[in-house]
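File shown: entry.cif. Contents: mmCIF, C-alpha atoms.
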data_upload
#
loop_
_atom_site.label_atom_id
_atom_site.label_comp_id
_atom_site.auth_asym_id
_atom_site.auth_seq_id
_atom_site.Cartn_x
_atom_site.Cartn_y
_atom_site.Cartn_z
CA MET A 283 156.80 145.93 160.55
CA GLU A 284 155.89 148.57 158.01
CA HIS A 285 155.57 145.89 155.32
CA LEU A 286 153.37 143.81 157.65
CA ARG A 287 151.11 146.79 158.37
CA GLU A 288 150.85 147.49 154.63
CA TYR A 289 149.89 143.88 153.95
CA LEU A 290 147.27 143.74 156.74
CA THR A 291 145.79 147.04 155.60
CA GLY A 292 145.37 145.61 152.12
CA PHE A 293 143.98 142.26 153.27
CA PHE A 294 141.45 143.71 155.71
CA GLY A 295 140.83 146.95 153.83
CA LEU A 296 137.89 147.74 151.57
CA GLN A 297 139.66 146.18 148.57
CA GLY A 298 139.61 142.77 150.31
CA ILE A 299 136.41 140.77 150.74
CA LEU A 300 137.38 139.80 154.30
CA SER A 301 137.27 143.40 155.45
CA PRO A 302 135.48 143.61 158.83
CA VAL A 303 132.98 145.92 157.10
CA TYR A 304 132.07 143.25 154.55
CA ILE A 305 131.95 140.51 157.17
CA LEU A 306 129.54 142.60 159.26
CA SER A 307 127.44 143.20 156.15
CA PHE A 308 127.45 139.43 155.47
CA VAL A 309 126.12 138.76 158.98
CA LEU A 310 123.45 141.46 158.84
CA ILE A 311 122.15 140.53 155.38
CA GLY A 312 122.30 136.86 156.36
CA TRP A 313 120.14 137.71 159.37
CA GLY A 314 117.65 139.39 157.04
CA VAL A 315 117.51 136.31 154.78
CA PHE A 316 117.14 134.06 157.84
CA LYS A 317 114.13 136.06 159.05
CA TRP A 318 112.60 136.66 155.63
CA LYS A 319 112.65 132.96 154.70
CA ARG A 320 111.56 131.97 158.23
CA ILE A 321 114.24 129.34 158.50
CA GLY A 322 114.01 127.13 161.57
CA GLY A 323 116.82 126.49 164.02
CA GLY A 324 119.49 128.89 165.23
CA PHE A 325 120.80 131.79 163.18
CA TRP A 326 124.49 130.90 163.52
CA ALA A 327 123.79 127.30 162.50
CA PHE A 328 122.16 128.71 159.38
CA LEU A 329 124.89 131.26 158.61
CA LEU A 330 127.87 129.01 159.45
CA PRO A 331 126.70 125.41 159.07
CA LYS A 332 129.09 122.91 160.58
CA ASP A 333 128.92 120.49 157.64
CA VAL A 334 130.14 123.27 155.33
CA TRP A 335 132.82 124.87 157.50
CA SER A 336 134.26 121.54 158.69
CA HIS A 337 134.29 120.07 155.16
CA HIS A 338 137.61 118.95 153.70
CA SER A 339 136.95 121.31 150.78
CA THR A 340 136.90 124.30 153.14
CA ARG A 341 140.19 123.22 154.68
CA THR A 342 141.64 123.12 151.17
CA ASP A 343 140.30 126.65 150.59
CA ILE A 344 142.21 127.78 153.66
CA SER A 345 145.42 126.11 152.46
CA LEU A 346 145.18 127.79 149.05
CA LEU A 347 144.34 131.10 150.73
CA LEU A 348 147.55 130.86 152.77
CA ILE A 349 149.59 130.04 149.65
CA GLY A 350 148.04 132.91 147.71
CA GLN A 351 148.49 135.39 150.52
CA SER A 352 152.12 134.37 151.00
CA MET A 353 152.66 135.24 147.32
CA ILE A 354 151.19 138.67 148.02
CA PHE A 355 153.09 139.15 151.29
CA PHE A 356 156.43 138.32 149.67
CA LYS A 357 155.45 140.51 146.68
CA LEU A 358 155.64 137.76 144.08
CA ALA A 359 152.15 138.61 142.78
CA ALA A 360 153.05 142.32 142.71
CA ARG A 361 155.47 141.62 139.87
CA PHE A 362 152.48 140.73 137.70
CA ALA A 363 149.91 143.21 139.12
CA ALA A 364 150.74 146.49 137.42
CA VAL A 365 147.36 147.81 136.25
CA PRO A 366 147.98 151.38 137.48
CA VAL A 367 151.44 151.45 135.87
CA ILE A 368 150.17 150.11 132.52
CA ALA A 369 147.16 152.45 132.57
CA ALA A 370 149.33 155.48 133.39
CA TRP A 371 151.80 154.58 130.65
CA VAL A 372 149.05 154.14 128.04
CA ALA A 373 147.32 157.36 129.13
CA GLN A 374 150.52 159.36 128.85
CA ASN A 375 151.39 158.00 125.42
CA ILE A 376 148.21 158.63 123.43
CA PRO A 377 148.04 161.87 121.39
CA GLY A 378 145.99 163.94 123.84
CA PRO A 379 142.68 164.43 125.62
CA VAL A 380 139.55 163.87 123.57
CA PHE A 381 137.12 165.23 126.15
CA ASP A 382 137.25 168.24 128.38
CA GLN A 383 138.09 166.84 131.82
CA ALA A 384 135.53 169.13 133.44
CA GLN A 385 132.75 167.39 131.54
CA ILE A 386 133.27 164.05 133.29
CA SER A 387 132.44 163.96 136.99
CA PRO A 388 134.31 161.69 139.42
CA ILE A 389 131.14 159.60 139.80
CA VAL A 390 130.88 159.03 136.05
CA MET A 391 134.60 158.22 135.89
CA ALA A 392 134.22 155.71 138.75
CA LEU A 393 131.26 154.12 136.97
CA LEU A 394 133.19 153.84 133.71
CA MET A 395 136.13 152.34 135.58
CA PHE A 396 133.81 149.80 137.23
CA VAL A 397 132.17 148.82 133.92
CA ILE A 398 135.51 148.45 132.14
CA TYR A 399 136.91 146.36 134.97
CA ASP A 400 133.86 144.09 135.02
CA PHE A 401 133.96 143.73 131.22
CA SER A 402 137.60 142.65 131.32
CA ILE A 403 136.95 140.21 134.18
CA TYR A 404 134.07 138.66 132.20
CA TRP A 405 136.31 137.85 129.23
CA ILE A 406 139.21 136.67 131.37
CA HIS A 407 136.83 134.36 133.25
CA ARG A 408 135.33 133.09 130.03
CA ALA A 409 138.80 132.46 128.59
CA ASN A 410 139.67 130.43 131.69
CA HIS A 411 136.77 128.11 130.81
CA SER A 412 137.14 127.98 127.04
CA LEU A 413 140.92 127.75 126.52
CA ARG A 414 142.34 124.28 127.08
CA THR A 415 145.62 125.70 128.35
CA LEU A 416 143.90 127.75 131.07
CA TRP A 417 141.06 125.47 132.20
CA PRO A 418 143.24 123.00 134.18
CA LEU A 419 144.33 125.90 136.39
CA HIS A 420 140.87 127.41 136.75
CA ALA A 421 139.39 123.98 137.45
CA VAL A 422 141.01 124.23 140.89
CA HIS A 423 138.54 126.97 141.78
CA HIS A 424 135.62 124.86 140.56
CA SER A 425 136.76 121.80 142.51
CA ALA A 426 135.24 123.25 145.70
CA ALA A 427 132.62 120.79 146.95
CA VAL A 428 131.09 123.41 149.26
CA LEU A 429 131.13 127.18 148.98
CA THR A 430 132.13 129.71 151.63
CA PRO A 431 133.48 133.26 151.21
CA LEU A 432 136.94 131.69 151.52
CA THR A 433 136.34 129.88 148.23
CA SER A 434 137.02 133.23 146.52
CA PHE A 435 140.67 132.59 147.40
CA ARG A 436 140.65 129.03 146.06
CA ALA A 437 143.00 129.31 143.09
CA HIS A 438 146.05 127.56 141.75
CA PRO A 439 149.10 129.79 142.38
CA LEU A 440 150.06 129.76 138.70
CA GLY A 441 146.43 130.42 137.76
CA SER A 442 146.44 133.49 140.00
CA LEU A 443 149.52 134.85 138.26
CA VAL A 444 148.00 134.21 134.83
CA THR A 445 144.75 135.94 135.77
CA ILE A 446 146.58 138.90 137.29
CA SER A 447 148.73 139.22 134.17
CA LEU A 448 145.74 139.09 131.81
CA ASN A 449 143.87 141.63 133.91
CA THR A 450 146.92 143.90 133.94
CA VAL A 451 147.18 143.90 130.15
CA ILE A 452 143.45 144.09 129.30
CA PHE A 453 142.12 146.34 132.04
CA GLY A 454 145.29 148.44 132.22
CA THR A 455 145.22 149.14 128.47
CA ILE A 456 141.49 149.91 128.20
CA PHE A 457 141.46 152.01 131.34
CA GLY A 458 144.58 153.85 130.19
CA LEU A 459 142.85 154.73 126.92
CA LEU A 460 139.88 156.07 128.86
CA ILE A 461 142.02 158.11 131.24
CA GLY A 462 144.17 159.39 128.38
CA ALA A 463 141.08 160.63 126.55
CA VAL A 464 140.29 162.78 129.58
CA ASN A 465 143.59 163.53 131.27
CA PRO A 466 146.81 162.37 129.61
CA GLN A 467 148.93 163.03 132.72
CA PRO A 468 147.33 161.05 135.56
CA SER A 469 149.33 159.83 138.53
CA VAL A 470 149.59 156.14 139.36
CA ALA A 471 148.01 156.91 142.74
CA GLU A 472 144.95 158.42 141.06
CA ILE A 473 144.42 155.32 138.94
CA ALA A 474 144.92 152.94 141.86
CA GLY A 475 142.21 154.59 143.98
CA ALA A 476 139.36 152.48 145.37
CA ASN A 477 136.22 152.36 143.23
CA ALA A 478 133.02 153.19 145.11
CA PHE A 479 130.95 150.86 142.91
CA VAL A 480 133.21 147.89 143.70
CA VAL A 481 132.90 148.69 147.40
CA ALA A 482 129.10 148.81 147.10
CA ILE A 483 128.94 145.43 145.35
CA ASN A 484 131.30 143.90 147.92
CA LEU A 485 129.21 145.35 150.73
CA LEU A 486 125.94 143.89 149.45
CA VAL A 487 126.49 140.57 147.68
CA THR A 488 130.07 139.48 146.97
CA ASN A 489 130.51 137.26 150.04
CA PHE A 490 127.22 135.51 149.24
CA HIS A 491 128.41 134.50 145.75
CA HIS A 492 130.51 131.79 147.36
CA SER A 493 128.17 130.57 150.06
CA HIS A 494 125.38 128.07 150.70
CA ILE A 495 122.80 130.88 151.02
CA TRP A 496 120.52 131.05 147.98
CA ILE A 497 119.70 134.67 147.05
CA SER A 498 118.07 135.37 143.70
CA PHE A 499 117.20 138.84 142.36
CA GLY A 500 114.56 137.56 139.93
CA PRO A 501 114.75 137.31 136.12
CA VAL A 502 114.48 141.07 135.49
CA VAL A 503 117.30 142.29 137.74
CA GLU A 504 119.42 139.25 136.94
CA ARG A 505 119.78 140.51 133.39
CA ILE A 506 121.73 143.43 134.86
CA LEU A 507 123.37 142.20 138.07
CA ILE A 508 124.78 138.78 138.93
CA SER A 509 122.99 137.41 141.98
CA PRO A 510 124.58 134.99 144.48
CA ALA A 511 122.27 132.26 143.15
CA GLN A 512 123.52 132.88 139.61
CA HIS A 513 127.14 132.49 140.67
CA GLN A 514 126.30 129.35 142.63
CA VAL A 515 124.77 127.99 139.42
CA HIS A 516 128.08 128.78 137.72
CA HIS A 517 129.72 126.31 140.17
CA SER A 518 127.05 123.66 139.58
CA THR A 519 127.67 120.22 138.08
CA ASN A 520 124.27 120.29 136.34
CA PRO A 521 124.83 120.21 132.53
CA LEU A 522 122.17 122.92 132.15
CA HIS A 523 124.42 125.25 134.13
CA LEU A 524 127.60 124.52 132.19
CA ASN A 525 129.50 127.65 131.07
CA LYS A 526 126.86 130.06 132.32
CA ASN A 527 127.10 133.31 134.30
CA PHE A 528 130.72 134.31 133.84
CA GLY A 529 130.08 137.85 135.02
CA GLN A 530 131.56 139.02 138.29
CA SER A 531 129.15 141.84 139.15
CA LEU A 532 127.25 142.70 135.96
CA ALA A 533 125.08 140.16 134.13
CA ILE A 534 124.76 142.33 131.04
CA TRP A 535 127.84 140.74 129.46
CA ASP A 536 126.35 137.26 129.87
CA TRP A 537 123.07 138.57 128.46
CA ILE A 538 124.76 140.18 125.44
CA PHE A 539 127.13 137.29 124.68
CA GLY A 540 124.72 134.39 125.26
CA SER A 541 125.99 132.90 128.52
CA LEU A 542 123.22 134.09 130.85
CA TYR A 543 121.27 131.70 133.07
CA LEU A 544 118.30 133.24 134.87
CA ILE A 545 117.02 131.92 138.18
CA ARG A 546 113.28 131.20 138.06
CA LYS A 547 112.98 128.98 141.14
CA ASP A 548 115.05 127.67 144.03
CA GLU A 549 117.29 124.90 142.72
CA LYS A 550 119.22 122.14 144.44
CA VAL A 551 122.77 122.67 143.28
CA THR A 552 125.69 120.26 143.65
CA PHE A 553 129.07 121.98 143.55
CA GLY A 554 132.32 120.64 142.15
CA LEU A 555 133.51 118.77 139.07
CA ASP A 556 132.29 115.39 137.82
CA SER A 557 134.63 114.80 134.86
CA PRO A 558 137.00 111.81 135.31
CA THR A 559 139.95 114.03 134.36
CA ASP A 560 139.09 116.34 137.26
CA ALA A 561 138.80 113.52 139.81
CA PRO A 562 142.25 114.21 141.36
CA LEU A 563 141.10 117.73 142.20
CA MET A 564 137.98 116.44 143.92
CA THR A 565 140.09 114.49 146.42
CA GLN A 566 140.58 117.89 148.10
CA ARG A 567 144.22 116.95 148.70
CA LEU A 568 146.71 119.75 148.18
CA GLY A 569 149.26 117.66 146.26
CA PRO A 570 146.96 116.62 143.40
CA ILE A 571 145.37 120.08 143.34
CA LEU A 572 148.73 121.76 142.80
CA LEU A 573 150.35 119.18 140.51
CA THR A 574 147.51 117.80 138.35
CA PRO A 575 146.83 121.11 136.50
CA LEU A 576 150.52 121.43 135.64
CA ARG A 577 150.63 117.88 134.28
CA ARG A 578 147.48 118.46 132.22
CA MET A 579 148.94 121.67 130.76
CA LEU A 580 152.23 119.99 129.84
CA PHE A 581 150.72 116.71 128.66
CA PRO A 582 147.13 117.57 127.58
CA THR A 583 146.40 114.17 126.04
CA SER A 584 147.64 112.06 128.95
#
Let's see the structure in the file written out as structure tokens.
Amino acid sequence: MEHLREYLTGFFGLQGILSPVYILSFVLIGWGVFKWKRIGGGFWAFLLPKDVWSHHSTRTDISLLLIGQSMIFFKLAARFAAVPVIAAWVAQNIPGPVFDQAQISPIVMALLMFVIYDFSIYWIHRANHSLRTLWPLHAVHHSAAVLTPLTSFRAHPLGSLVTISLNTVIFGTIFGLLIGAVNPQPSVAEIAGANAFVVAINLLVTNFHHSHIWISFGPVVERILISPAQHQVHHSTNPLHLNKNFGQSLAIWDWIFGSLYLIRKDEKVTFGLDSPTDAPLMTQRLGPILLTPLRRMLFPTS
């Protein structure tokens, strides 16, 4: 029972996008968009359209969510998720503090942690698109034909483990170097603490990134922050949108490294994959979705 309580606290806590707090925020902001755009019909039909939530793609999202969460519940994923441990080890094994700890406030440290995390996620995401060995796994996420907040959990089980492992090494090492420059003896608990900036982003926009609701921040703000519309473009089949907007929260990495796509008008976006090699994934059947990426990784020319 203690393990179950720990799991539920993690899944519905502020580190999970299905936290009741984030769901309430999704409803309230959705209501604001509904009123601001003066959309006809009922609010719930707008927020939770039947054609989206009854789609076969959404049912596949739920199946992959259950598989992914079972890996977490039975602590398989935990064997690969060791960011705090790596960061603490790196911090404790560099020569010594570079800065006086008193000079860096908790807010500044949280901001630095957020920026480093987002930077590492950008490059991991970009690698998932550019490396032939990783794309077949990541293609599962992009095979969603409709987007809902549950699509965030749409991932191949092996792809999840690869992403967690990469994040552990990259983010754990960089964050450990930062912590070590300030305080070479941090506890694992200190490093694992929730980041207020991540909570703020989750509260405001994260659940709209995978949704049918088009929200753009405009070309000025979208050079700094990734809007829901920008992430929806990332899932688009339009060739103009190919390999754009890899950022999770910050758009500055896309801006700096040439992968930014700015929203200048409302666009009709079709989600999914249209390559013949990805056709098995677009069947939305669990068997091909789980097995096809493995076959493509083992036999890339077949």
Residues at most 8 Å from A:Leu542, counting all atoms listed in the file, excluding those fewer than 6 positions away in the same chain, as a PDB file with C-alpha atoms, keeping the file's coordinate frame?
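Output (part39.pdb):
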ATOM      1  CA  ARG A 505     119.780 140.510 133.390  1.00  0.00           C
ATOM      2  CA  LYS A 526     126.860 130.060 132.320  1.00  0.00           C
ATOM      3  CA  ASN A 527     127.100 133.310 134.300  1.00  0.00           C
ATOM      4  CA  ALA A 533     125.080 140.160 134.130  1.00  0.00           C
ATOM      5  CA  ASP A 536     126.350 137.260 129.870  1.00  0.00           C
TER       6      ASP A 536
END
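Using only C-alpha atoms, the nearest neighbour of A:Val487 within the list A:Tyr289, A:Phe316, A:Phe328, A:Tyr304 is A:Tyr304.
Our summary of the geometry notes that atom CA of A:Ile299 is positioned 10.3 Å from atom CA of A:Ile483.
Between A:Phe499 and the candidates A:Gly529, A:Leu485, A:Ile545, A:Leu306, the tightest atom-to-atom separation, counting all atoms listed in the file, involves A:Ile545.
Proximity of A:Thr433, A:Ser493, A:Thr450, A:Gln374 to A:Pro331, computed with only C-alpha atoms, is greatest for A:Ser493.
Counting from atom CA of A:Asn410, the distance to atom CA of A:Val444 is 9.7 Å.
Distances here use only C-alpha atoms; by that measure, the residue among A:Ala463, A:Leu419, A:Leu544, A:Ser557 closest to A:Val502 is A:Leu544.
For the file at hand, the PyMOL selection byres ((chain A and resi 525) around 10) resolves to Arg408, His411, Ser412, Val515, His516, His517, Ser518, Pro521, Leu522, His523, Leu524, Lys526, Asn527, Phe528, Ser541, Leu542 and Tyr543 of chain A.
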Next on the checklist: Taking 5 positions as the minimum chain separation for residues in the same chain, which residues sit within 9 Å of A:Val428 when counting all atoms listed in the file? Answer as a ChimeraX atom specification.
Outcome noted: /A:334-335,337,339-340,433,492-494,552-554
Item to check | Non-local contacts of A:Pro431 (12 Å; only C-alpha atoms; under 4 positions in same chain excluded) as a VMD selection string | outcome: chain A and resid 298 to 301 304 to 305 308 329 to 330 334 to 335 340 343 to 344 347 426 435 to 436 484 487 to 495 510 514
